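> Coordinates in entry.txt, compact mmCIF, C-alpha atoms and all ligand atoms, are listed below.
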# COMPACT_ATOMS: atom_id res chain seq x y z
CA MET I 1 191.41 43.39 113.37
CA ASN I 2 192.37 45.79 110.60
CA TYR I 3 193.00 49.48 111.17
CA LEU I 4 189.47 50.53 110.21
CA PHE I 5 187.88 48.21 112.74
CA GLU I 6 190.41 49.23 115.37
CA LEU I 7 189.51 52.87 114.78
CA THR I 8 185.82 52.05 114.92
CA ALA I 9 186.30 50.41 118.30
CA LYS I 10 188.20 53.48 119.51
CA GLU I 11 185.48 55.82 118.30
CA LYS I 12 182.82 53.71 119.99
CA SER I 13 184.73 53.92 123.24
CA ARG I 14 185.24 57.69 122.82
CA GLN I 15 181.52 58.23 122.31
CA LYS I 16 180.60 56.02 125.25
CA ASN I 17 183.12 57.55 127.63
CA THR I 18 182.37 61.21 127.05
CA LEU I 19 179.45 63.57 127.65
CA ASN I 20 178.26 64.86 124.29
CA LEU I 21 176.72 68.33 124.48
CA ILE I 22 176.86 69.07 120.76
CA ALA I 23 173.38 70.35 119.90
CA SER I 24 173.48 68.92 116.37
CA GLU I 25 174.37 65.32 117.30
CA ASN I 26 172.44 62.42 118.72
CA TYR I 27 172.50 58.66 119.35
CA PRO I 28 170.06 56.96 116.96
CA SER I 29 168.65 53.59 117.92
CA PRO I 30 170.75 50.50 117.12
CA LYS I 31 168.11 49.60 114.51
CA VAL I 32 168.87 52.82 112.64
CA LEU I 33 172.58 51.91 112.55
CA GLN I 34 171.76 48.32 111.61
CA LEU I 35 169.73 49.44 108.59
CA LEU I 36 172.57 51.75 107.50
CA GLY I 37 174.82 48.71 107.27
CA GLU I 38 172.27 46.48 105.55
CA ILE I 39 172.25 45.15 101.99
CA TRP I 40 170.28 48.17 100.74
CA SER I 41 173.66 49.77 100.18
CA ASN I 42 174.36 47.30 97.34
CA LYS I 43 171.53 48.43 95.11
CA TYR I 44 171.40 51.10 92.42
CA GLY I 45 168.04 52.66 91.64
CA GLU I 46 168.34 55.92 89.71
CA GLY I 47 164.90 57.43 89.36
CA TYR I 48 161.87 57.21 91.63
CA PRO I 49 159.55 54.37 92.72
CA SER I 50 158.03 52.62 89.65
CA LYS I 51 160.29 54.58 87.32
CA ARG I 52 163.84 53.27 87.68
CA TYR I 53 166.60 52.84 85.16
CA TYR I 54 167.80 49.43 86.38
CA ALA I 55 166.01 46.16 87.04
CA GLY I 56 165.68 44.62 90.48
CA ASN I 57 164.04 47.54 92.22
CA GLN I 58 160.82 45.92 93.44
CA ASN I 59 161.91 46.12 97.11
CA THR I 60 163.59 49.51 96.90
CA ASP I 61 160.41 50.89 95.29
CA LEU I 62 158.39 49.66 98.26
CA LEU I 63 161.01 50.98 100.69
CA GLU I 64 161.20 54.48 99.22
CA SER I 65 157.40 54.82 98.94
CA PHE I 66 156.98 53.62 102.53
CA VAL I 67 159.50 56.13 103.88
CA GLN I 68 157.96 58.95 101.85
CA GLN I 69 154.56 58.09 103.31
CA LYS I 70 155.93 57.99 106.89
CA ALA I 71 157.71 61.34 106.42
CA LEU I 72 154.45 62.95 105.30
CA GLN I 73 152.57 61.26 108.14
CA VAL I 74 154.98 62.69 110.73
CA PHE I 75 155.21 66.23 109.39
CA ASP I 76 152.41 67.25 107.05
CA LYS I 77 148.98 67.50 108.64
CA THR I 78 147.69 69.67 105.75
CA GLY I 79 147.98 67.35 102.75
CA SER I 80 149.68 70.23 100.89
CA TYR I 81 153.20 68.81 100.62
CA GLY I 82 155.08 66.14 98.74
CA VAL I 83 158.43 64.72 99.79
CA ASN I 84 161.78 63.64 98.41
CA VAL I 85 163.86 61.29 100.59
CA GLN I 86 166.89 61.07 98.29
CA THR I 87 168.86 64.19 99.29
CA LEU I 88 172.08 63.04 100.92
CA SER I 89 172.27 65.54 103.76
CA GLY I 90 171.14 68.98 104.90
CA SER I 91 173.50 70.99 102.70
CA PRO I 92 172.63 69.25 99.41
CA ALA I 93 168.93 69.46 100.33
CA ASN I 94 169.22 73.25 100.52
CA GLN I 95 171.23 73.30 97.30
CA ILE I 96 168.51 71.36 95.47
CA VAL I 97 166.09 74.16 96.40
CA PHE I 98 168.52 76.77 95.01
CA LEU I 99 168.88 74.84 91.77
CA THR I 100 165.11 74.33 91.48
CA ILE I 101 164.02 77.96 91.62
CA LEU I 102 166.98 80.30 91.23
CA GLN I 103 168.54 81.79 88.12
CA PRO I 104 171.99 83.40 87.97
CA ASN I 105 172.18 86.62 89.99
CA ASP I 106 168.91 86.06 91.81
CA VAL I 107 168.80 87.59 95.28
CA VAL I 108 168.63 85.29 98.31
CA LEU I 109 167.87 86.57 101.80
CA SER I 110 169.00 84.39 104.67
CA PRO I 111 169.93 84.58 108.36
CA GLN I 112 173.39 85.93 109.14
CA LEU I 113 175.76 83.34 110.61
CA ALA I 114 176.26 85.30 113.83
CA SER I 115 172.48 85.57 114.18
CA GLY I 116 172.13 81.79 114.11
CA GLY I 117 172.11 80.97 110.37
CA HIS I 118 174.05 78.20 108.65
CA LEU I 119 176.83 78.35 106.05
CA THR I 120 174.59 76.58 103.53
CA HIS I 121 172.07 79.41 103.81
CA MET I 122 174.26 81.08 101.22
CA HIS I 123 176.56 82.78 103.65
CA THR I 124 179.01 85.05 101.81
CA VAL I 125 181.76 82.37 101.88
CA SER I 126 179.39 79.84 100.26
CA SER I 127 180.51 78.68 96.80
CA PHE I 128 176.97 79.42 95.63
CA SER I 129 177.52 83.14 96.16
CA LYS I 130 179.44 83.03 92.84
CA PHE I 131 176.14 82.47 91.05
CA PHE I 132 173.58 84.27 93.18
CA GLN I 133 173.41 87.41 95.29
CA PRO I 134 173.27 86.58 98.99
CA HIS I 135 171.97 89.10 101.52
CA GLN I 136 171.61 88.54 105.24
CA TYR I 137 169.11 89.49 107.90
CA THR I 138 170.08 89.78 111.54
CA ALA I 139 169.02 89.58 115.15
CA LYS I 140 168.37 92.72 117.19
CA GLN I 141 169.14 93.30 120.86
CA ASN I 142 166.17 93.72 123.19
CA GLU I 143 166.11 96.04 126.18
CA ASP I 144 166.84 93.11 128.52
CA GLY I 145 170.04 92.42 126.55
CA SER I 146 168.75 89.27 124.83
CA PHE I 147 168.78 88.85 121.04
CA GLU I 148 166.10 87.79 118.60
CA ILE I 149 165.56 87.94 114.86
CA ASP I 150 164.24 91.34 113.88
CA PHE I 151 161.24 90.25 111.82
CA GLU I 152 160.12 93.84 111.18
CA ALA I 153 163.52 94.76 109.73
CA LEU I 154 163.41 91.53 107.72
CA LYS I 155 160.08 92.60 106.18
CA GLU I 156 161.66 95.91 105.14
CA GLN I 157 164.54 94.02 103.53
CA ILE I 158 162.07 91.85 101.61
CA VAL I 159 160.36 94.95 100.22
CA LYS I 160 163.66 96.67 99.39
CA LEU I 161 165.72 93.77 98.04
CA LYS I 162 162.93 91.80 96.30
CA PRO I 163 164.66 88.43 96.85
CA LYS I 164 163.57 85.36 94.91
CA LEU I 165 164.16 83.20 97.98
CA LEU I 166 163.90 83.77 101.72
CA ILE I 167 165.46 81.19 104.05
CA VAL I 168 164.04 80.85 107.55
CA GLY I 169 165.77 78.43 109.91
CA PHE I 170 168.79 78.34 112.17
CA SER I 171 171.72 76.37 113.57
CA ALA I 172 172.40 78.36 116.70
CA TYR I 173 169.21 80.15 117.65
CA PRO I 174 167.88 79.42 121.15
CA LYS I 175 164.46 81.04 120.72
CA LYS I 176 161.21 79.65 119.35
CA TYR I 177 159.79 81.36 116.27
CA GLU I 178 156.69 81.18 114.10
CA PHE I 179 156.38 80.72 110.39
CA ALA I 180 152.95 81.88 109.20
CA GLU I 181 153.32 85.64 109.32
CA ILE I 182 156.68 85.85 107.58
CA CYS I 183 155.62 83.26 104.95
CA ARG I 184 152.45 85.26 104.21
CA PHE I 185 154.41 88.49 103.98
CA ALA I 186 157.07 87.00 101.67
CA HIS I 187 154.46 85.46 99.39
CA GLN I 188 152.78 88.86 98.92
CA TYR I 189 156.06 89.93 97.30
CA ASN I 190 156.39 86.77 95.16
CA VAL I 191 159.20 85.42 97.33
CA PHE I 192 159.67 81.66 97.79
CA VAL I 193 160.24 80.54 101.38
CA LEU I 194 162.56 77.71 102.37
CA ALA I 195 162.18 76.68 106.02
CA ASP I 196 165.35 74.85 107.07
CA VAL I 197 164.28 73.07 110.25
CA ALA I 198 167.39 70.88 110.48
CA HIS I 199 167.70 71.52 114.21
CA ILE I 200 164.12 71.69 115.44
CA ASN I 201 162.40 69.01 113.35
CA GLY I 202 162.16 66.64 116.33
CA LEU I 203 160.46 69.36 118.37
CA ILE I 204 158.09 70.06 115.48
CA ALA I 205 157.29 66.34 115.13
CA ALA I 206 156.58 66.20 118.87
CA GLY I 207 154.24 69.22 118.67
CA LEU I 208 156.59 71.29 120.85
CA HIS I 209 157.46 73.94 118.26
CA ASP I 210 155.51 75.77 115.57
CA SER I 211 155.57 74.02 112.19
CA PRO I 212 156.28 75.46 108.73
CA PHE I 213 153.88 72.89 107.21
CA LYS I 214 150.80 75.06 106.80
CA GLU I 215 148.07 75.49 104.24
CA GLY I 216 148.25 78.13 101.52
CA ASP I 217 150.37 81.26 101.89
CA ASP I 218 150.97 80.60 105.60
CA GLY I 219 153.17 77.59 104.83
CA ALA I 220 156.77 77.46 103.62
CA ASP I 221 157.10 76.42 99.97
CA PHE I 222 160.05 74.14 100.72
CA VAL I 223 161.03 72.52 104.02
CA SER I 224 164.48 70.98 104.42
CA MET I 225 165.62 69.06 107.47
CA THR I 226 168.52 66.91 108.52
CA THR I 227 167.66 63.56 110.09
CA HIS I 228 170.47 63.23 112.61
CA LYS I 229 169.74 65.90 115.20
CA THR I 230 166.57 66.12 117.34
CA ILE I 231 164.72 63.60 115.13
CA ARG I 232 167.39 61.01 116.11
CA GLY I 233 167.93 59.23 112.80
CA PRO I 234 170.94 58.58 110.55
CA ARG I 235 173.00 61.36 108.99
CA GLY I 236 170.80 62.43 106.12
CA ALA I 237 167.97 64.73 105.13
CA ILE I 238 164.39 64.99 103.95
CA LEU I 239 163.17 67.66 101.55
CA PHE I 240 159.50 68.61 101.29
CA ALA I 241 157.81 70.96 98.82
CA LYS I 242 154.24 71.99 98.09
CA ASN I 243 152.30 69.53 95.99
CA TYR I 244 150.94 72.35 93.81
CA ILE I 245 152.22 75.59 92.28
CA PRO I 246 151.23 78.45 94.59
CA ASP I 247 149.51 81.36 92.80
CA PHE I 248 152.37 83.79 93.44
CA ALA I 249 154.81 81.32 91.84
CA LYS I 250 152.95 81.05 88.55
CA VAL I 251 155.05 83.97 87.26
CA TYR I 252 158.08 81.70 87.64
CA LEU I 253 156.70 78.69 85.76
CA ASP I 254 159.09 79.12 82.85
CA ILE I 255 162.16 78.77 85.11
CA LEU I 256 161.09 75.52 86.78
CA PRO I 257 162.37 72.30 85.21
CA LEU I 258 160.05 70.57 82.72
CA ASP I 259 158.48 67.21 83.51
CA ALA I 260 159.61 63.96 81.86
CA LYS I 261 157.30 64.62 78.89
CA GLY I 262 158.71 68.11 78.37
CA GLN I 263 155.61 69.74 79.85
CA PRO I 264 155.52 72.36 82.65
CA VAL I 265 155.50 70.78 86.11
CA THR I 266 152.30 71.06 88.11
CA SER I 267 153.81 71.19 91.63
CA LEU I 268 156.89 72.39 93.46
CA ILE I 269 157.67 68.85 94.59
CA GLU I 270 157.71 67.69 90.96
CA ALA I 271 160.15 70.52 90.22
CA VAL I 272 162.33 69.41 93.16
CA ASN I 273 162.21 65.78 92.03
CA ARG I 274 163.26 66.68 88.46
CA THR I 275 166.04 68.96 89.74
CA LEU I 276 167.41 66.15 91.89
CA PHE I 277 167.01 63.42 89.29
CA PRO I 278 167.86 63.57 86.43
CA GLY I 279 168.98 67.15 87.12
CA GLY I 280 171.76 66.59 89.60
CA TYR I 281 172.05 63.28 91.42
CA GLY I 282 172.79 59.68 90.52
CA GLY I 283 171.39 56.78 92.53
CA PRO I 284 169.66 57.06 95.91
CA HIS I 285 171.36 55.67 99.02
CA PHE I 286 168.71 53.16 100.02
CA ASN I 287 170.46 52.19 103.25
CA LYS I 288 170.12 55.80 104.41
CA ILE I 289 166.49 55.90 103.27
CA ALA I 290 165.74 52.71 105.24
CA ALA I 291 167.42 54.14 108.34
CA ILE I 292 165.42 57.38 108.01
CA GLY I 293 162.30 55.22 107.84
CA GLN I 294 163.27 53.57 111.14
CA CYS I 295 163.58 56.88 113.01
CA LEU I 296 160.21 57.97 111.60
CA LEU I 297 158.64 54.75 112.91
CA GLU I 298 160.08 55.56 116.33
CA VAL I 299 158.63 59.09 116.18
CA LEU I 300 155.23 57.65 115.26
CA GLY I 301 155.39 55.08 118.05
CA GLU I 302 155.22 52.23 115.52
CA ASP I 303 158.57 51.06 116.85
CA GLN I 304 160.52 52.11 119.92
CA TYR I 305 163.86 53.53 120.94
CA PRO I 306 165.53 51.00 123.30
CA ASP I 307 164.59 52.97 126.44
CA GLU I 308 160.92 52.60 125.39
CA ILE I 309 160.32 56.29 126.12
CA ASP I 310 157.86 57.71 123.60
CA PHE I 311 159.10 60.45 121.29
CA VAL I 312 157.07 63.30 122.82
CA THR I 313 158.38 62.50 126.31
CA TYR I 314 161.92 62.24 124.95
CA SER I 315 161.54 65.68 123.32
CA GLN I 316 160.15 67.15 126.55
CA ASN I 317 163.17 65.67 128.34
CA ILE I 318 165.47 67.52 125.93
CA LEU I 319 163.72 70.85 126.54
CA ARG I 320 163.72 70.43 130.32
CA THR I 321 167.32 69.24 130.73
CA ASN I 322 168.58 71.90 128.33
CA LYS I 323 166.88 74.63 130.37
CA ILE I 324 168.33 73.20 133.60
CA LEU I 325 171.79 73.09 132.00
CA GLU I 326 171.46 76.71 130.91
CA GLN I 327 170.36 77.84 134.37
CA SER I 328 173.27 76.01 135.92
CA LEU I 329 175.76 77.54 133.45
CA GLN I 330 174.29 80.95 134.23
CA LYS I 331 174.56 80.36 137.96
CA GLY I 332 178.20 79.42 137.39
CA GLY I 333 178.97 82.72 135.62
CA LEU I 334 178.13 82.44 131.90
CA VAL I 335 175.57 84.69 130.21
CA PRO I 336 172.90 83.30 127.84
CA VAL I 337 172.70 85.14 124.51
CA SER I 338 168.92 84.71 124.84
CA PRO I 339 167.19 82.50 127.41
CA THR I 340 166.68 79.14 125.74
CA GLU I 341 163.25 78.09 124.51
CA ASN I 342 164.39 75.01 122.60
CA HIS I 343 166.97 72.21 122.54
CA LEU I 344 170.12 74.36 122.66
CA CYS I 345 171.61 77.08 124.77
CA LEU I 346 174.03 79.67 123.48
CA MET I 347 176.27 81.18 126.16
CA LYS I 348 178.64 84.15 126.12
CA LEU I 349 182.06 83.68 127.69
CA PRO I 350 183.78 86.42 129.67
CA GLU I 351 185.87 88.71 127.41
CA ASN I 352 189.19 87.33 128.76
CA LYS I 353 188.34 83.66 128.03
CA ASP I 354 189.32 81.96 124.79
CA SER I 355 186.57 79.64 123.47
CA LEU I 356 189.01 77.38 121.61
CA GLU I 357 191.05 76.85 124.76
CA ILE I 358 187.93 76.13 126.77
CA GLN I 359 186.60 73.69 124.19
CA LYS I 360 189.93 71.83 124.39
CA LYS I 361 190.03 71.83 128.18
CA LEU I 362 186.46 70.54 128.34
CA GLU I 363 187.40 67.77 125.95
CA GLU I 364 190.30 66.84 128.22
CA ILE I 365 187.88 66.19 131.08
CA GLY I 366 185.46 64.33 128.79
CA ILE I 367 182.90 66.99 127.82
CA ILE I 368 182.38 67.47 124.08
CA THR I 369 181.08 70.89 122.99
CA ASN I 370 181.47 73.47 120.25
CA ARG I 371 182.39 77.11 120.29
CA ASN I 372 180.01 79.48 118.57
CA THR I 373 179.60 83.05 117.49
CA PHE I 374 176.59 85.19 118.46
CA PRO I 375 175.09 88.56 117.38
CA ASN I 376 177.55 91.46 117.78
CA ASP I 377 180.34 89.05 118.77
CA THR I 378 183.58 91.02 118.50
CA LYS I 379 185.82 87.95 118.27
CA THR I 380 186.84 85.89 115.23
CA ALA I 381 184.88 83.03 113.65
CA TYR I 382 187.65 80.56 114.67
CA ARG I 383 187.85 81.82 118.25
CA PRO I 384 184.36 83.24 118.77
CA GLY I 385 183.08 84.64 122.05
CA GLY I 386 180.49 81.98 122.79
CA MET I 387 179.77 78.28 123.24
CA ARG I 388 176.74 76.27 122.11
CA PHE I 389 175.40 73.40 124.21
CA GLY I 390 172.45 71.04 123.83
CA THR I 391 171.09 67.95 125.55
CA ALA I 392 169.43 66.02 122.68
CA ALA I 393 172.22 63.41 122.64
CA LEU I 394 172.49 62.98 126.41
CA ALA I 395 168.70 62.84 126.81
CA SER I 396 168.90 59.74 124.56
CA ARG I 397 171.27 58.25 127.14
CA GLY I 398 168.85 58.99 129.99
CA LEU I 399 170.38 62.21 131.41
CA SER I 400 168.62 63.17 134.66
CA ASP I 401 167.72 66.71 135.73
CA GLN I 402 170.22 66.53 138.55
CA GLN I 403 172.99 65.44 136.14
CA ALA I 404 172.14 68.31 133.76
CA GLU I 405 172.56 70.68 136.69
CA GLN I 406 175.81 69.03 137.73
CA ILE I 407 177.25 69.21 134.19
CA GLY I 408 176.58 72.97 134.08
CA ARG I 409 178.43 73.33 137.36
CA ILE I 410 181.36 71.18 136.17
CA ILE I 411 181.70 73.28 132.99
CA THR I 412 181.77 76.58 134.87
CA ASP I 413 184.06 75.18 137.59
CA LEU I 414 186.50 74.37 134.79
CA ILE I 415 186.13 77.69 132.98
CA PHE I 416 186.66 79.70 136.17
CA ASP I 417 189.34 77.37 137.63
CA ARG I 418 187.32 76.55 140.72
CA LYS I 419 188.34 72.91 140.95
CA SER I 420 191.16 70.73 139.70
CA LYS I 421 190.84 69.14 136.27
CA ASP I 422 191.34 65.70 137.83
CA ASP I 423 188.43 66.14 140.23
CA LEU I 424 186.19 67.40 137.45
CA ALA I 425 187.23 64.57 135.11
CA LYS I 426 186.27 62.09 137.81
CA GLU I 427 182.84 63.65 138.18
CA VAL I 428 182.38 63.44 134.39
CA ARG I 429 183.41 59.78 134.43
CA ASP I 430 180.89 58.97 137.15
CA ILE I 431 178.06 60.60 135.19
CA GLU I 432 179.01 59.03 131.89
CA GLN I 433 179.29 55.57 133.42
CA SER I 434 175.83 55.85 134.93
CA LEU I 435 174.23 56.71 131.56
CA ASN I 436 172.70 54.24 129.13
CA TRP I 437 174.73 53.02 126.22
CA TRP I 438 172.84 51.30 123.45
CA TYR I 439 175.49 49.95 121.11
N1 LIG I 501 171.00 73.46 107.85
C1 LIG I 501 171.12 73.69 109.16
C2 LIG I 501 170.19 74.66 109.84
C3 LIG I 501 172.10 73.00 109.90
O1 LIG I 501 172.24 73.25 111.21
C4 LIG I 501 172.93 72.09 109.22
C5 LIG I 501 173.97 71.31 109.95
O2 LIG I 501 174.30 71.48 111.05
C6 LIG I 501 172.78 71.92 107.85
C7 LIG I 501 171.80 72.61 107.19
C8 LIG I 501 173.71 71.05 107.05
O3 LIG I 501 173.49 69.74 107.23
P1 LIG I 501 174.59 68.65 106.80
O4 LIG I 501 175.74 68.82 107.70
O5 LIG I 501 173.83 67.38 106.96
O6 LIG I 501 174.93 68.89 105.37
Go through the file and emit its structure as structure tokens.

Amino acid sequence: MNYLFELTAKEKSRQKNTLNLIASENYPSPKVLQLLGEIWSNKYGEGYPSKRYYAGNQNTDLLESFVQQKALQVFDKTGSYGVNVQTLSGSPANQIVFLTILQPNDVVLSPQLASGGHLTHMHTVSSFSKFFQPHQYTAKQNEDGSFEIDFEALKEQIVKLKPKLLIVGFSAYPKKYEFAEICRFAHQYNVFVLADVAHINGLIAAGLHDSPFKEGDDGADFVSMTTHKTIRGPRGAILFAKNYIPDFAKVYLDILPLDAKGQPVTSLIEAVNRTLFPGGYGGPHFNKIAAIGQCLLEVLGEDQYPDEIDFVTYSQNILRTNKILEQSLQKGGLVPVSPTENHLCLMKLPENKDSLEIQKKLEEIGIITNRNTFPNDTKTAYRPGGMRFGTAALASRGLSDQQAEQIGRIITDLIFDRKSKDDLAKEVRDIEQSLNWWY
């Protein structure tokens, strides 16, 4: 066995023998992984179905069209969106939106990192801030101490800053939120809206969270999503855009890319497609596209995850076990930044605890987590004051309610030195060995 295969075996064993509470990871079905390794990877196909630059694309054309159709079937009940399945991951999907509609120095308004946003939302350290002007909106503290995005203050910022683009969507935001009102407001001021639902797309697909796919001004103009979190597919992304030019956007027609005949595009999705190819990318990764198709089939119930639990029940299991985990962590002494309403919980650590140390100690007993900042966190980005947890991955392995409760207790027993590391590691081992393992 060469080194690469040895390492692969080690990584498989690491994943099997630990409890993964990282809210942005999951265990896709073996069929998803199988398709990633299939012969699709051998084929080049620059362009789009029926318009490729190389021969031999009859099957890839069928594949890409099929996956596009399934993506629309899962997410768009309005018939107002088109889709591109070629973006390589969540970050490049967002970047394609920037390149489609922004000009140098345009203003972009996006959620602050500490308020739950993502680096690729044009955080100030983003390389894109060289070309555009990023501004951030934030969460406010409620009387009960919890935090939530201040949508009224955001509206004032829209009026004052006149951004070209507003990004709505989060990486570490435990609350539910709605899209229609802020989309309508932004559109009144000629602002494009990108909804980045990388984290919550599985909940949206299951009907357990509001959707940004809406008709007219109530809907986001662009929707980006990763495919490897709650939707339980391969690492990758899907990018949707309206299949027409909204009225407010007609003033921007001259900045959108031209179509292949040199004429103005007639939809935002056409503008996205031209920006991606020939504007920025080479050939699509058809193995990834095939694997995305498999997870969409599982969402639709046209194929099944190995536990044969339907996707809505799986998503309900995530919400329930995550809430139980949060309650258990709270009982053990941690404080939620805001009570969770989705697949993740964000907890504050006591002032005298170091999140990096705790993350390491948890890893030593077999619990995999990540440290996280939160609104008004006084600590540094590398050693922030909080931790983020989520149960999407463990729900795929059949985590029970009682185990979710127990894991919360183990974590807080470790943080507050209530039991020995050896005893806690043994408890972790017992849980992890009782869980399903599909590979
Ligand atoms: N957008 C959000 C909201 C995310 O949480 C993430 C990743 O965690 C991304 C974009 C980036 O996705 P990727 O890591 O696939 O580039």
> In Å, rounded to a single decimal, give me how far atom CA of I:Ile365 is from atom CA of I:Leu334.
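Spanning atom CA of I:Leu334 to atom CA of I:Ile365 is a straight-line distance of 19.0 Å.
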> Hey, what's within 10 Å of I:Leu253 if we count all atoms listed in the file and toss same-chain stuff fewer than 4 positions away? As a list in words, please?
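The residues that qualify are Ile101, Ile245, Ala249, Pro257, Leu258, Pro264, Val265, Thr266, Ser267, Leu268 and Ala271 of chain I.
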> Quick one, how far is atom CA of I:Leu346 from atom C3 of ligand LIG 501 (chain I)?
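Distance reported for this atom pair: 15.3 Å.
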> Which chains and residue numbers are within 10 Å of ligand LIG 501 (chain I), counting all atoms listed in the file, if I want them as number ranges by chain?
I: 23-25, 87-95, 116-121, 167-173, 195-200, 224-229, 234-237
> Report the distance between atom CA of I:Glu341 and atom CA of I:Asn376 in Å, rounded to one decimal place.
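Atom-to-atom, atom CA of I:Glu341 and atom CA of I:Asn376 are spaced 20.7 Å apart.
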> Compute the distance from (178.3, 78.7, 139.7) to each atom, counting all atoms listed in the file, keep the residues with any atom at most 9 Å away, and return them as a PyMOL selection string; use the coordinates of the file.
chain I and resi 328-334+408-410+412-413
> Every residue with an atom at most 12 Å from (182.0, 73.2, 130.9) (file coordinates; all atoms listed in the file) is what I'm after, so could you write them as a ChimeraX atom specification?
/I:19-21,325-326,328-330,332-334,347,349,355,357-371,387-389,404-419,421,424-425,428
> Emit the selected residues as a JSON list (two decimals), keeping the file's coordinate frame, including C-alpha atoms.

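Below is the file that was written, selection06.json:
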[["chain", "number", "residue", "atom", "x", "y", "z"],
["I", 19, "LEU", "CA", 179.45, 63.57, 127.65],
["I", 20, "ASN", "CA", 178.26, 64.86, 124.29],
["I", 21, "LEU", "CA", 176.72, 68.33, 124.48],
["I", 325, "LEU", "CA", 171.79, 73.09, 132.00],
["I", 326, "GLU", "CA", 171.46, 76.71, 130.91],
["I", 328, "SER", "CA", 173.27, 76.01, 135.92],
["I", 329, "LEU", "CA", 175.76, 77.54, 133.45],
["I", 330, "GLN", "CA", 174.29, 80.95, 134.23],
["I", 332, "GLY", "CA", 178.20, 79.42, 137.39],
["I", 333, "GLY", "CA", 178.97, 82.72, 135.62],
["I", 334, "LEU", "CA", 178.13, 82.44, 131.90],
["I", 347, "MET", "CA", 176.27, 81.18, 126.16],
["I", 349, "LEU", "CA", 182.06, 83.68, 127.69],
["I", 355, "SER", "CA", 186.57, 79.64, 123.47],
["I", 357, "GLU", "CA", 191.05, 76.85, 124.76],
["I", 358, "ILE", "CA", 187.93, 76.13, 126.77],
["I", 359, "GLN", "CA", 186.60, 73.69, 124.19],
["I", 360, "LYS", "CA", 189.93, 71.83, 124.39],
["I", 361, "LYS", "CA", 190.03, 71.83, 128.18],
["I", 362, "LEU", "CA", 186.46, 70.54, 128.34],
["I", 363, "GLU", "CA", 187.40, 67.77, 125.95],
["I", 364, "GLU", "CA", 190.30, 66.84, 128.22],
["I", 365, "ILE", "CA", 187.88, 66.19, 131.08],
["I", 366, "GLY", "CA", 185.46, 64.33, 128.79],
["I", 367, "ILE", "CA", 182.90, 66.99, 127.82],
["I", 368, "ILE", "CA", 182.38, 67.47, 124.08],
["I", 369, "THR", "CA", 181.08, 70.89, 122.99],
["I", 370, "ASN", "CA", 181.47, 73.47, 120.25],
["I", 371, "ARG", "CA", 182.39, 77.11, 120.29],
["I", 387, "MET", "CA", 179.77, 78.28, 123.24],
["I", 388, "ARG", "CA", 176.74, 76.27, 122.11],
["I", 389, "PHE", "CA", 175.40, 73.40, 124.21],
["I", 404, "ALA", "CA", 172.14, 68.31, 133.76],
["I", 405, "GLU", "CA", 172.56, 70.68, 136.69],
["I", 406, "GLN", "CA", 175.81, 69.03, 137.73],
["I", 407, "ILE", "CA", 177.25, 69.21, 134.19],
["I", 408, "GLY", "CA", 176.58, 72.97, 134.08],
["I", 409, "ARG", "CA", 178.43, 73.33, 137.36],
["I", 410, "ILE", "CA", 181.36, 71.18, 136.17],
["I", 411, "ILE", "CA", 181.70, 73.28, 132.99],
["I", 412, "THR", "CA", 181.77, 76.58, 134.87],
["I", 413, "ASP", "CA", 184.06, 75.18, 137.59],
["I", 414, "LEU", "CA", 186.50, 74.37, 134.79],
["I", 415, "ILE", "CA", 186.13, 77.69, 132.98],
["I", 416, "PHE", "CA", 186.66, 79.70, 136.17],
["I", 417, "ASP", "CA", 189.34, 77.37, 137.63],
["I", 418, "ARG", "CA", 187.32, 76.55, 140.72],
["I", 419, "LYS", "CA", 188.34, 72.91, 140.95],
["I", 421, "LYS", "CA", 190.84, 69.14, 136.27],
["I", 424, "LEU", "CA", 186.19, 67.40, 137.45],
["I", 425, "ALA", "CA", 187.23, 64.57, 135.11],
["I", 428, "VAL", "CA", 182.38, 63.44, 134.39]]
> Ranking I:Gln304, I:Asn59, I:Asn436, I:Thr340 by minimum distance to I:Pro174 and counting all atoms listed in the file, which one comes first?
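Selected residue with least distance to I:Pro174: I:Thr340.
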> Leaving out I:Thr100 and any residue of its chain fewer than 6 positions from it, which residues lie within 7 Å of it when counting all atoms listed in the file, given as a VMD selection string?
chain I and resid 256 271 to 272 275
> Which polymer residues have any atom within 12 Å of an atom of stretch 60-67 of chain I, counting only C-alpha atoms, with same-chain residues fewer than 6 positions away left out, as an NGL selection string?
:I and (35 or 39-52 or 54 or 73-74 or 82-86 or 238 or 283-297)
> Using all atoms listed in the file, which residue out of I:Asn372, I:Leu102, I:Val337, I:Tyr81 lies closest to I:Pro384?
I:Asn372
> Need to verify the contact set: stretch 130-138 of chain I, 9 Å, only C-alpha atoms, exclusion of same-chain residues closer than 6 positions in sequence. Can you return it as a list in words?
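Everything that qualifies: Leu102, Gln103, Pro104, Asn105, Asp106, Val107, Val108, Leu109, Ser110, Pro111, Gln112, Leu113, Ala114, Ser115, Gly116, His121, Met122, His123, Thr124, Glu148, Ile149, Asp150, Phe151, Ala153, Leu154, Gln157, Leu161, Pro163 and Pro375 of chain I.
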> Pick out the residues sitting within 7 Å of I:His343, and hand them over as a short mmCIF file (atom, residue, chain, number, x, y, z; two decimals) with C-alpha atoms, in the frame of the given file; count all atoms listed in the file, and ignore anything fewer than 2 positions along from it in its own chain.

data_model
loop_
_atom_site.label_atom_id
_atom_site.label_comp_id
_atom_site.auth_asym_id
_atom_site.auth_seq_id
_atom_site.Cartn_x
_atom_site.Cartn_y
_atom_site.Cartn_z
CA ILE I 318 165.47 67.52 125.93
CA LEU I 319 163.72 70.85 126.54
CA ASN I 322 168.58 71.90 128.33
CA GLY I 390 172.45 71.04 123.83
CA THR I 391 171.09 67.95 125.55
CA ALA I 392 169.43 66.02 122.68
#
